[in-house]
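A.B. asks: Dropping in final-v2.cif, which is mmCIF, C-alpha atoms and all ligand atoms:
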data_input
loop_
_atom_site.label_atom_id
_atom_site.label_comp_id
_atom_site.auth_asym_id
_atom_site.auth_seq_id
_atom_site.Cartn_x
_atom_site.Cartn_y
_atom_site.Cartn_z
CA MET X 1 12.53 15.55 -17.88
CA LYS X 2 16.12 14.46 -17.44
CA PHE X 3 17.50 10.92 -17.27
CA SER X 4 20.19 8.47 -18.28
CA PHE X 5 18.94 5.10 -19.41
CA ASP X 6 20.66 1.84 -20.06
CA ASN X 7 19.60 -1.76 -19.79
CA ALA X 8 22.42 -3.97 -20.87
CA THR X 9 20.81 -7.33 -20.06
CA GLU X 10 20.70 -9.48 -23.18
CA ILE X 11 17.29 -11.15 -23.31
CA HIS X 12 16.88 -14.59 -24.89
CA PHE X 13 13.12 -14.95 -25.18
CA GLY X 14 11.13 -17.99 -26.27
CA GLN X 15 10.89 -21.73 -26.09
CA GLY X 16 14.20 -23.59 -26.19
CA GLN X 17 16.29 -20.53 -25.40
CA ILE X 18 17.92 -22.11 -22.33
CA ALA X 19 20.42 -23.59 -24.81
CA GLN X 20 21.77 -20.02 -25.31
CA ILE X 21 23.53 -20.29 -21.96
CA ALA X 22 26.29 -22.26 -23.67
CA GLU X 23 27.27 -19.18 -25.71
CA ALA X 24 26.24 -16.49 -23.23
CA ILE X 25 28.68 -17.50 -20.48
CA PRO X 26 32.38 -16.95 -21.31
CA PRO X 27 34.10 -20.28 -22.09
CA GLY X 28 36.73 -20.15 -19.33
CA ALA X 29 34.31 -19.23 -16.54
CA LYS X 30 33.88 -21.37 -13.44
CA VAL X 31 30.13 -21.22 -12.95
CA LEU X 32 28.07 -21.55 -9.79
CA LEU X 33 24.51 -22.57 -10.62
CA THR X 34 22.10 -21.34 -7.92
CA TYR X 35 18.49 -22.38 -7.45
CA GLY X 36 15.66 -22.69 -4.97
CA GLY X 37 13.70 -25.51 -3.43
CA GLY X 38 13.71 -27.87 -6.37
CA SER X 39 10.91 -26.85 -8.74
CA ILE X 40 13.52 -26.76 -11.53
CA LYS X 41 14.19 -30.46 -11.05
CA GLN X 42 10.52 -31.31 -11.52
CA ASN X 43 9.80 -29.25 -14.63
CA GLY X 44 12.86 -30.16 -16.68
CA VAL X 45 14.59 -26.79 -16.40
CA TYR X 46 17.52 -28.20 -14.41
CA ASP X 47 18.22 -30.83 -17.08
CA GLN X 48 18.16 -28.22 -19.84
CA VAL X 49 20.56 -26.00 -17.90
CA VAL X 50 22.93 -28.87 -17.19
CA ALA X 51 22.92 -29.80 -20.87
CA ALA X 52 23.72 -26.21 -21.84
CA LEU X 53 26.62 -26.11 -19.36
CA SER X 54 28.28 -29.24 -20.76
CA GLN X 55 31.31 -27.29 -21.99
CA HIS X 56 31.76 -25.33 -18.76
CA GLN X 57 33.27 -26.08 -15.40
CA TRP X 58 30.46 -25.70 -12.87
CA GLY X 59 29.07 -26.46 -9.41
CA GLU X 60 25.73 -25.84 -7.73
CA PHE X 61 24.12 -24.31 -4.65
CA SER X 62 20.46 -25.05 -3.91
CA GLY X 63 17.96 -24.09 -1.23
CA ILE X 64 17.58 -20.36 -1.80
CA GLU X 65 14.14 -19.83 -0.30
CA ALA X 66 11.32 -17.41 -1.18
CA ASN X 67 12.27 -14.02 0.30
CA PRO X 68 15.92 -15.14 0.33
CA GLN X 69 17.56 -15.28 3.71
CA TYR X 70 20.94 -13.81 4.55
CA ASP X 71 22.09 -16.94 6.46
CA THR X 72 21.36 -19.22 3.51
CA LEU X 73 23.16 -16.88 1.16
CA MET X 74 26.22 -16.61 3.41
CA ALA X 75 26.67 -20.40 3.07
CA ALA X 76 26.88 -19.82 -0.69
CA VAL X 77 29.34 -16.96 -0.17
CA ALA X 78 31.63 -19.35 1.74
CA MET X 79 31.36 -21.86 -1.11
CA ILE X 80 32.19 -19.27 -3.77
CA ARG X 81 35.24 -18.07 -1.83
CA GLN X 82 36.46 -21.58 -1.12
CA GLU X 83 35.95 -23.08 -4.55
CA GLY X 84 36.77 -19.99 -6.63
CA TYR X 85 33.67 -19.51 -8.76
CA ASP X 86 33.85 -16.46 -10.99
CA TYR X 87 30.43 -16.49 -12.74
CA LEU X 88 26.97 -16.96 -11.23
CA LEU X 89 23.95 -18.48 -12.96
CA ALA X 90 20.64 -17.99 -11.14
CA VAL X 91 17.84 -20.37 -12.17
CA GLY X 92 14.50 -19.60 -10.56
CA GLY X 93 12.13 -16.81 -9.55
CA GLY X 94 12.89 -13.37 -8.18
CA SER X 95 14.13 -14.79 -4.90
CA VAL X 96 16.86 -16.86 -6.53
CA VAL X 97 17.85 -14.00 -8.83
CA ASP X 98 17.90 -11.49 -5.95
CA GLY X 99 19.81 -13.89 -3.70
CA THR X 100 22.36 -14.44 -6.45
CA LYS X 101 22.75 -10.68 -6.95
CA PHE X 102 23.65 -10.49 -3.28
CA LEU X 103 26.21 -13.29 -3.76
CA SER X 104 27.70 -11.31 -6.63
CA VAL X 105 28.71 -8.45 -4.34
CA ALA X 106 28.92 -10.31 -1.01
CA ALA X 107 31.58 -12.80 -2.15
CA PRO X 108 34.17 -10.13 -3.07
CA PHE X 109 33.17 -7.90 -0.11
CA GLN X 110 36.23 -7.09 1.99
CA GLY X 111 34.54 -5.58 5.04
CA GLU X 112 33.51 -7.53 8.10
CA ASP X 113 29.93 -8.41 7.16
CA PRO X 114 28.30 -8.09 3.72
CA TRP X 115 24.96 -7.32 5.41
CA ALA X 116 26.33 -3.76 5.45
CA ILE X 117 25.61 -3.66 1.70
CA LEU X 118 21.90 -3.76 2.60
CA ALA X 119 21.80 -2.18 6.04
CA GLU X 120 24.24 0.69 5.42
CA GLY X 121 24.28 0.99 1.64
CA ILE X 122 28.01 0.25 1.53
CA SER X 123 29.32 -0.62 -1.93
CA SER X 124 31.28 -3.84 -2.35
CA GLN X 125 34.84 -3.72 -3.70
CA GLY X 126 33.90 -6.10 -6.51
CA ALA X 127 31.01 -7.87 -8.23
CA LEU X 128 30.92 -11.26 -9.92
CA PRO X 129 29.10 -11.33 -13.25
CA LEU X 130 25.79 -13.16 -13.33
CA GLY X 131 23.22 -14.43 -15.77
CA CYS X 132 19.81 -15.94 -15.11
CA VAL X 133 17.10 -18.28 -16.30
CA LEU X 134 13.84 -16.84 -15.03
CA THR X 135 11.11 -19.31 -14.06
CA LEU X 136 8.53 -16.94 -12.52
CA PRO X 137 7.52 -13.69 -14.25
CA ALA X 138 6.94 -11.08 -11.54
CA THR X 139 9.77 -9.05 -10.11
CA GLY X 140 11.70 -7.73 -13.10
CA SER X 141 14.84 -8.76 -11.23
CA GLU X 142 16.05 -10.56 -14.37
CA SER X 143 17.11 -7.28 -15.96
CA ASN X 144 17.23 -4.68 -13.21
CA ILE X 145 19.79 -3.56 -10.65
CA ALA X 146 17.78 -4.23 -7.46
CA ALA X 147 17.79 -7.08 -4.97
CA VAL X 148 15.86 -7.75 -1.77
CA VAL X 149 17.28 -9.90 1.04
CA SER X 150 15.82 -10.78 4.44
CA ARG X 151 17.44 -11.30 7.82
CA GLY X 152 15.20 -11.88 10.82
CA GLY X 153 12.54 -9.18 10.86
CA SER X 154 14.37 -7.02 8.31
CA LYS X 155 13.65 -7.24 4.61
CA LEU X 156 15.99 -4.76 2.92
CA PHE X 157 16.99 -3.89 -0.63
CA PHE X 158 20.08 -2.63 -2.38
CA TYR X 159 20.79 -1.26 -5.85
CA ASP X 160 24.03 -1.83 -7.72
CA ARG X 161 24.48 -1.39 -11.47
CA ARG X 162 27.05 -4.17 -11.44
CA VAL X 163 24.49 -6.82 -10.42
CA ARG X 164 22.30 -6.30 -13.46
CA PRO X 165 22.28 -9.74 -15.12
CA LYS X 166 24.47 -9.96 -18.24
CA PHE X 167 21.77 -12.07 -19.84
CA ALA X 168 18.33 -13.44 -18.98
CA VAL X 169 16.66 -16.45 -20.54
CA LEU X 170 12.88 -15.94 -20.65
CA ASP X 171 11.26 -19.16 -21.83
CA PRO X 172 7.52 -18.86 -21.14
CA SER X 173 7.05 -22.63 -21.34
CA VAL X 174 8.94 -23.06 -18.06
CA THR X 175 6.23 -21.03 -16.32
CA LEU X 176 3.56 -23.65 -17.12
CA SER X 177 4.49 -25.56 -13.96
CA LEU X 178 3.69 -22.59 -11.69
CA SER X 179 0.85 -23.00 -9.20
CA PRO X 180 -2.18 -20.73 -9.74
CA ARG X 181 -1.12 -18.88 -6.59
CA GLN X 182 2.31 -18.06 -8.02
CA VAL X 183 0.82 -17.12 -11.41
CA ALA X 184 -1.54 -14.68 -9.70
CA ASN X 185 1.23 -13.33 -7.49
CA GLY X 186 3.40 -12.62 -10.52
CA VAL X 187 0.68 -10.72 -12.38
CA VAL X 188 -0.16 -8.64 -9.31
CA ASP X 189 3.48 -7.85 -8.49
CA ALA X 190 4.10 -6.64 -12.04
CA TYR X 191 0.88 -4.59 -11.98
CA VAL X 192 1.95 -2.86 -8.78
CA HIS X 193 5.44 -2.19 -10.18
CA VAL X 194 3.82 -0.25 -12.99
CA MET X 195 1.52 1.58 -10.58
CA GLU X 196 4.39 2.67 -8.30
CA GLN X 197 6.08 4.36 -11.28
CA TYR X 198 2.90 5.70 -12.88
CA LEU X 199 0.44 6.76 -10.21
CA THR X 200 2.17 9.92 -8.97
CA TYR X 201 1.64 13.31 -10.67
CA PRO X 202 1.78 14.32 -14.34
CA VAL X 203 5.13 15.40 -15.79
CA HIS X 204 4.08 15.18 -19.46
CA ALA X 205 6.03 11.96 -19.89
CA LYS X 206 3.76 10.67 -22.62
CA VAL X 207 5.92 7.74 -23.66
CA GLN X 208 6.37 6.46 -20.11
CA ASP X 209 2.65 6.96 -19.36
CA ARG X 210 1.40 5.16 -22.43
CA PHE X 211 3.89 2.31 -22.07
CA ALA X 212 2.75 1.97 -18.45
CA GLU X 213 -0.93 1.98 -19.44
CA GLY X 214 -0.22 -0.62 -22.13
CA LEU X 215 1.41 -2.87 -19.57
CA LEU X 216 -1.49 -2.45 -17.12
CA LEU X 217 -4.01 -3.27 -19.84
CA THR X 218 -2.01 -6.32 -20.91
CA LEU X 219 -1.73 -7.61 -17.35
CA MET X 220 -5.46 -7.10 -16.77
CA GLU X 221 -6.34 -8.81 -20.04
CA GLU X 222 -3.96 -11.76 -19.81
CA GLY X 223 -3.71 -12.29 -16.04
CA PRO X 224 -7.14 -13.88 -15.58
CA LYS X 225 -6.63 -15.92 -18.77
CA ALA X 226 -3.51 -17.49 -17.28
CA LEU X 227 -5.68 -18.82 -14.46
CA GLU X 228 -8.57 -19.88 -16.69
CA GLN X 229 -6.50 -21.38 -19.52
CA PRO X 230 -3.36 -22.55 -17.71
CA ASP X 231 -1.88 -24.28 -20.77
CA ASP X 232 -2.01 -21.25 -23.06
CA LEU X 233 1.59 -20.42 -23.96
CA THR X 234 0.70 -17.20 -25.78
CA VAL X 235 -0.85 -15.87 -22.61
CA ARG X 236 2.26 -16.84 -20.63
CA SER X 237 4.51 -15.19 -23.21
CA ASN X 238 2.71 -11.88 -22.94
CA LEU X 239 2.73 -12.01 -19.15
CA MET X 240 6.42 -12.81 -19.05
CA TRP X 241 7.42 -9.93 -21.28
CA ALA X 242 5.06 -7.55 -19.50
CA ALA X 243 6.58 -8.38 -16.11
CA THR X 244 10.10 -7.77 -17.41
CA MET X 245 9.15 -4.47 -19.02
CA ALA X 246 7.32 -3.38 -15.87
CA LEU X 247 10.53 -3.05 -13.89
CA ASN X 248 13.49 -2.82 -16.23
CA GLY X 249 13.93 0.95 -15.93
CA LEU X 250 12.04 1.91 -19.09
CA ILE X 251 8.74 3.25 -17.76
CA GLY X 252 10.42 4.73 -14.70
CA ALA X 253 13.01 6.77 -16.62
CA GLY X 254 12.80 10.43 -15.64
CA VAL X 255 9.44 10.24 -13.88
CA PRO X 256 8.49 10.61 -10.20
CA GLN X 257 8.02 7.29 -8.41
CA ASP X 258 6.24 6.25 -5.23
CA TRP X 259 7.21 2.78 -3.79
CA THR X 260 5.25 3.32 -0.56
CA THR X 261 3.20 0.19 -1.24
CA HIS X 262 6.38 -1.86 -1.58
CA MET X 263 8.04 -0.44 1.50
CA ILE X 264 5.03 -1.17 3.71
CA GLY X 265 4.54 -4.51 1.94
CA HIS X 266 8.11 -5.59 2.71
CA GLU X 267 7.42 -5.05 6.42
CA LEU X 268 4.26 -7.18 6.16
CA THR X 269 6.27 -9.99 4.60
CA ALA X 270 9.06 -9.70 7.17
CA LEU X 271 6.60 -9.72 10.08
CA TYR X 272 3.88 -12.11 8.94
CA GLY X 273 5.34 -14.10 6.03
CA VAL X 274 2.78 -12.75 3.55
CA ASP X 275 3.73 -13.50 -0.09
CA HIS X 276 5.35 -10.41 -1.62
CA ALA X 277 2.58 -9.81 -4.18
CA ARG X 278 -0.14 -10.28 -1.59
CA SER X 279 1.44 -7.69 0.67
CA LEU X 280 1.08 -5.32 -2.29
CA SER X 281 -2.53 -6.19 -3.17
CA ILE X 282 -3.37 -5.49 0.49
CA MET X 283 -1.59 -2.13 0.63
CA LEU X 284 -2.04 -0.56 -2.82
CA PRO X 285 -5.80 0.17 -2.54
CA ALA X 286 -5.18 1.82 0.85
CA VAL X 287 -2.32 3.91 -0.55
CA MET X 288 -4.49 4.95 -3.50
CA TRP X 289 -7.34 5.94 -1.19
CA GLU X 290 -5.29 7.82 1.41
CA ARG X 291 -3.23 9.61 -1.26
CA ARG X 292 -6.14 10.34 -3.58
CA GLU X 293 -5.70 14.14 -3.37
CA ALA X 294 -1.96 14.12 -4.14
CA LYS X 295 -2.54 11.61 -6.95
CA ARG X 296 -5.81 13.07 -8.26
CA ALA X 297 -4.69 13.99 -11.78
CA LYS X 298 -3.05 10.63 -12.42
CA LEU X 299 -5.94 8.75 -10.80
CA LEU X 300 -8.31 10.42 -13.25
CA GLN X 301 -6.02 9.57 -16.15
CA TYR X 302 -5.75 5.97 -14.88
CA ALA X 303 -9.55 5.78 -14.51
CA ARG X 304 -10.07 6.97 -18.07
CA ARG X 305 -7.33 5.23 -19.99
CA VAL X 306 -7.02 1.95 -18.12
CA HIS X 307 -10.53 1.31 -16.78
CA GLY X 308 -12.62 3.30 -19.26
CA ILE X 309 -14.22 5.40 -16.51
CA THR X 310 -15.17 8.71 -18.10
CA ASP X 311 -18.55 9.66 -16.65
CA GLY X 312 -19.48 11.26 -13.36
CA ALA X 313 -17.93 13.70 -10.94
CA GLU X 314 -14.19 13.59 -10.32
CA ASP X 315 -14.52 12.08 -6.87
CA ALA X 316 -16.71 9.30 -8.20
CA ARG X 317 -14.22 8.54 -11.00
CA VAL X 318 -11.36 8.39 -8.51
CA GLN X 319 -13.33 6.02 -6.33
CA GLY X 320 -14.29 3.99 -9.38
CA ALA X 321 -10.64 3.59 -10.35
CA ILE X 322 -9.74 2.32 -6.89
CA GLU X 323 -12.69 -0.08 -6.89
CA ALA X 324 -11.73 -1.36 -10.35
CA THR X 325 -8.22 -2.05 -9.09
CA VAL X 326 -9.60 -3.97 -6.11
CA ALA X 327 -11.95 -5.91 -8.41
CA PHE X 328 -9.02 -6.92 -10.63
CA PHE X 329 -6.99 -8.12 -7.64
CA ARG X 330 -10.00 -10.09 -6.35
CA HIS X 331 -10.42 -11.64 -9.79
CA MET X 332 -6.81 -12.80 -9.49
CA GLY X 333 -7.64 -14.34 -6.11
CA VAL X 334 -5.37 -12.22 -3.92
CA PRO X 335 -6.38 -10.46 -0.69
CA THR X 336 -7.08 -6.72 -0.69
CA SER X 337 -7.20 -6.10 3.07
CA LEU X 338 -5.22 -7.16 6.12
CA SER X 339 -8.20 -9.02 7.57
CA GLU X 340 -8.49 -11.14 4.41
CA ALA X 341 -4.91 -12.21 5.07
CA GLU X 342 -5.86 -12.91 8.69
CA ILE X 343 -3.76 -10.07 10.03
CA GLY X 344 -5.34 -8.15 12.91
CA PRO X 345 -5.25 -4.49 14.00
CA GLU X 346 -2.10 -5.09 16.10
CA ALA X 347 -0.25 -4.99 12.77
CA VAL X 348 -0.60 -1.21 12.66
CA GLU X 349 1.79 -0.61 15.56
CA GLN X 350 4.12 -3.45 14.58
CA VAL X 351 4.51 -2.29 10.99
CA LEU X 352 4.95 1.33 12.09
CA ALA X 353 7.72 0.30 14.50
CA ASN X 354 9.51 -1.57 11.71
CA LEU X 355 9.12 1.30 9.25
CA LYS X 356 10.64 3.61 11.84
CA ALA X 357 13.50 1.21 12.55
CA HIS X 358 14.25 1.03 8.81
CA GLY X 359 14.16 4.80 8.37
CA ARG X 360 11.09 4.86 6.10
CA GLU X 361 9.75 8.19 7.28
CA ALA X 362 9.73 10.25 4.10
CA MET X 363 8.23 8.05 1.41
CA GLY X 364 6.15 8.76 -1.67
CA GLU X 365 6.70 10.87 -4.77
CA HIS X 366 6.74 14.03 -2.64
CA GLY X 367 8.70 12.51 0.26
CA ASP X 368 5.82 13.50 2.53
CA ILE X 369 4.57 10.10 3.67
CA GLY X 370 5.73 9.83 7.26
CA LEU X 371 4.63 7.54 10.06
CA GLN X 372 1.38 9.43 10.61
CA GLN X 373 0.36 8.96 6.97
CA CYS X 374 1.43 5.33 7.17
CA ARG X 375 -0.83 4.86 10.18
CA ALA X 376 -3.77 6.14 8.17
CA ILE X 377 -2.83 3.89 5.25
CA LEU X 378 -2.53 0.82 7.48
CA GLU X 379 -5.80 1.58 9.24
CA SER X 380 -7.47 1.96 5.88
CA ALA X 381 -6.11 -1.49 4.90
CA LEU X 382 -7.58 -3.26 7.94
O1 LIG X 401 12.17 -22.54 -4.81
P1 LIG X 401 11.48 -23.25 -5.91
O2 LIG X 401 11.34 -24.71 -5.70
O3 LIG X 401 12.04 -22.92 -7.25
O4 LIG X 401 9.93 -22.74 -5.90
C1 LIG X 401 9.55 -21.40 -6.14
C2 LIG X 401 9.07 -20.69 -4.89
O5 LIG X 401 8.55 -21.59 -3.95
C3 LIG X 401 8.33 -21.40 -7.02
N1 LIG X 401 8.63 -21.43 -8.45
C4 LIG X 401 9.39 -20.56 -9.17
N2 LIG X 401 9.36 -20.87 -10.47
C5 LIG X 401 8.57 -21.97 -10.59
C6 LIG X 401 8.11 -22.33 -9.30
N3 LIG X 401 7.29 -23.39 -9.10
C7 LIG X 401 6.93 -24.12 -10.16
N4 LIG X 401 7.31 -23.80 -11.44
C8 LIG X 401 8.13 -22.76 -11.69
N5 LIG X 401 8.45 -22.44 -12.96
O6 LIG X 401 7.67 -20.20 -6.71
C9 LIG X 401 7.90 -19.86 -5.36
C10 LIG X 401 8.12 -18.37 -5.23
O7 LIG X 401 9.31 -18.00 -5.87
P2 LIG X 401 9.97 -16.55 -5.63
O8 LIG X 401 11.24 -16.51 -6.41
O9 LIG X 401 10.03 -16.28 -4.17
O10 LIG X 401 8.87 -15.57 -6.24
P3 LIG X 401 9.03 -14.17 -6.92
O11 LIG X 401 9.58 -14.28 -8.28
O12 LIG X 401 7.71 -13.56 -6.76
O13 LIG X 401 10.12 -13.38 -6.05
C11 LIG X 401 9.79 -12.72 -4.87
C12 LIG X 401 11.01 -12.03 -4.27
O14 LIG X 401 11.47 -10.97 -5.13
C13 LIG X 401 11.53 -9.75 -4.38
C14 LIG X 401 10.44 -9.94 -3.37
O15 LIG X 401 10.54 -9.04 -2.30
C15 LIG X 401 10.66 -11.38 -2.95
O16 LIG X 401 11.72 -11.46 -2.03
N6 LIG X 401 11.39 -8.58 -5.28
C16 LIG X 401 12.45 -8.24 -6.04
C17 LIG X 401 12.46 -7.13 -6.86
C18 LIG X 401 13.62 -6.74 -7.67
N7 LIG X 401 14.74 -7.43 -7.56
O17 LIG X 401 13.56 -5.78 -8.43
C19 LIG X 401 11.29 -6.24 -6.94
C20 LIG X 401 10.06 -6.81 -6.36
O18 LIG X 401 9.22 -5.76 -5.97
C21 LIG X 401 10.27 -7.70 -5.17
O19 LIG X 401 10.41 -6.93 -3.99
ZN ZN X 402 7.27 -6.14 -6.19
#
Would you mind writing the file's structure down as structure tokens?
Ligand code: NZQ
Ligand code: ZN
C.D. replies:
Amino acid sequence: MKFSFDNATEIHFGQGQIAQIAEAIPPGAKVLLTYGGGSIKQNGVYDQVVAALSQHQWGEFSGIEANPQYDTLMAAVAMIRQEGYDYLLAVGGGSVVDGTKFLSVAAPFQGEDPWAILAEGISSQGALPLGCVLTLPATGSESNIAAVVSRGGSKLFFYDRRVRPKFAVLDPSVTLSLSPRQVANGVVDAYVHVMEQYLTYPVHAKVQDRFAEGLLLTLMEEGPKALEQPDDLTVRSNLMWAATMALNGLIGAGVPQDWTTHMIGHELTALYGVDHARSLSIMLPAVMWERREAKRAKLLQYARRVHGITDGAEDARVQGAIEATVAFFRHMGVPTSLSEAEIGPEAVEQVLANLKAHGREAMGEHGDIGLQQCRAILESAL
């Protein structure tokens, strides 16, 4: 095992922590507050943020949509350049945080079109610092270096260490206003983040494995409770911290990773508008099934340690682990096949064409998932 690990995001966790913004942002900064479609105005988050910014010079940009769109974000880039903002404050879910990460590098970008940051992996000449107030536990974007932006039929990601938020406010009470659909989506997204870093092959990374299993168990235990007891703040607290830990670099340090489910899922969202988490709950069982030989050892470990499946032949335990995963997703109310999401067999060719166009022809922990494997996975997900 060999890795470098850092996660410099300062986390302010707990009720009332939005007030920390006042200290967390440097006093002389000119702050652009970014947010989405207005949920923060209904649940009191906006008012708390405005109160915390009382000593700062600031402006705002709203309307960053779910699966943030390049065109929307470019309007914010123009605003930043024109009005000279030098600090960004994202207030919302993963889409607002991701969109704001793009603003961070797109505003100082000196090339012709900042889309090149996503499409060609070109690094920007600069990056504006950003902080965030997370309102939807799911993506881990609040303390990682990734961002996903969409333009037409392309949903692409970039990584840049400079866009890791300087701080993240995680106040679980702000998640009480989430719809059951968004609660379920968040739990499932976090679960799949753990799976993509865990369900590969053994490398004797005991710490990463057991942290990952702990997160899976927590998500399985608390996820349904969040739907059944929507006012329970303790449940929301555990879910919020689990989602952050699921994709902040810790459990993925030095271990093989997969991400096939996400790559195929992003194409489903780009083509059919499926919610991000639902694209994953549709694809993960198919990936597990089609890759069951390559993942056999970890599937057996997952069966035993996460689902308590210890009896029977190996094949039966592997199948049991996949079925238990599907049962958990169903319990959370998300689809586990394309047909449940009302997507027909024509999706197979369409998704394959997009995967090819985006160069996703060597995915998986062994880099051996090409278009042929993807076809089998998609057919298995029908
Ligand atoms: O726009 P508003 O009005 O705020 O409403 C949002 C949005 O409609 C609403 N919402 C958020 N917090 C709320 C709330 N409603 C009521 N109360 C609250 N407290 O929820 C809706 C969905 O929000 P969104 O930000 O789109 O959801 P999520 O956090 O799931 O983010 C999804 C995006 O993150 C990307 C996905 O691809 C997708 O674009 N991802 C980013 C990753 C990363 N940066 O590391 C990794 C992930 O795998 C993922 O790909
Ligand atoms: Zn995800």
A.B. asks: Do you know which residues are within 6 Å of ligand LIG 401 (chain X) using only C-alpha atoms and all ligand atoms? Can you write them as JSON, numbers by chain?
C.D. replies: {"X": [36, 37, 38, 39, 40, 65, 66, 67, 92, 93, 94, 95, 96, 98, 135, 136, 138, 139, 140, 141, 146, 147, 148, 174, 175, 177, 178, 182, 186, 276]}
A.B. asks: Hey, which residues come within 7 Å of ligand ZN 402 (chain X) if we count only C-alpha atoms and all ligand atoms? Could you give them as number ranges by chain?
C.D. replies: X: 139, 189-190, 192-193, 262, 276-277
A.B. asks: Please list as a JSON list (two decimals) with C-alpha atoms, in the coordinates of the input every residue within 10 Å of Gln69 of chain X, counting all atoms listed in the file and excluding residues in the same chain fewer than 4 positions away.
C.D. replies:
[["chain", "number", "residue", "atom", "x", "y", "z"],
["X", 64, "ILE", "CA", 17.58, -20.36, -1.80],
["X", 65, "GLU", "CA", 14.14, -19.83, -0.30],
["X", 73, "LEU", "CA", 23.16, -16.88, 1.16],
["X", 74, "MET", "CA", 26.22, -16.61, 3.41],
["X", 95, "SER", "CA", 14.13, -14.79, -4.90],
["X", 99, "GLY", "CA", 19.81, -13.89, -3.70],
["X", 148, "VAL", "CA", 15.86, -7.75, -1.77],
["X", 149, "VAL", "CA", 17.28, -9.90, 1.04],
["X", 150, "SER", "CA", 15.82, -10.78, 4.44],
["X", 151, "ARG", "CA", 17.44, -11.30, 7.82],
["X", 152, "GLY", "CA", 15.20, -11.88, 10.82],
["X", 154, "SER", "CA", 14.37, -7.02, 8.31],
["X", 155, "LYS", "CA", 13.65, -7.24, 4.61]]
A.B. asks: Could you check the closest approach to Ala357 of chain X for each of X:Thr325, X:Leu371, X:Gln125, X:Ala286 and tell me which residue wins, using only C-alpha atoms?
C.D. replies: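 Closest residue, counting only C-alpha atoms: X:Leu371.
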A.B. asks: Could you list, as number ranges by chain, every residue within 12 Å of Val351 of chain X, counting all atoms listed in the file and ignoring same-chain residues fewer than 2 positions away?
C.D. replies: X: 153-154, 263-272, 338, 343-349, 353-358, 360, 371, 374-375, 377-379
A.B. asks: Select, from X:His56, X:Arg278, X:Lys166, X:Lys101, the residue with the minimum atom-to-atom distance to Arg330 of chain X, counting only C-alpha atoms.
C.D. replies: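 Selected residue with least distance to Arg330 of chain X: X:Arg278.
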A.B. asks: Restricting the calculation to all atoms listed in the file: of X:Ser237, X:Gly359, X:Asp171, X:Gly249, which residue gets closest to Ser4 of chain X?
C.D. replies: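 For Ser4 of chain X, the nearest of the given residues is X:Gly249.
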A.B. asks: Write out as a ChimeraX atom specification each polymer residue whose atoms come within 10 Å of Tyr85 of chain X, counting all atoms listed in the file; drop sequence neighbours fewer than 4 positions from it.
C.D. replies: /X:29-33,57-59,77,79-81,107,128
A.B. asks: Given 8 Å of margin on each side, can you work out the centre and size in Å (one decimal) of an axis-aligned box holding every listed atom of segment 250-267 of chain X, as AutoDock Vina command-line options?
C.D. replies:
--center_x 8.1 --center_y 2.5 --center_z -6.3 --size_x 25.8 --size_y 32.2 --size_z 41.5
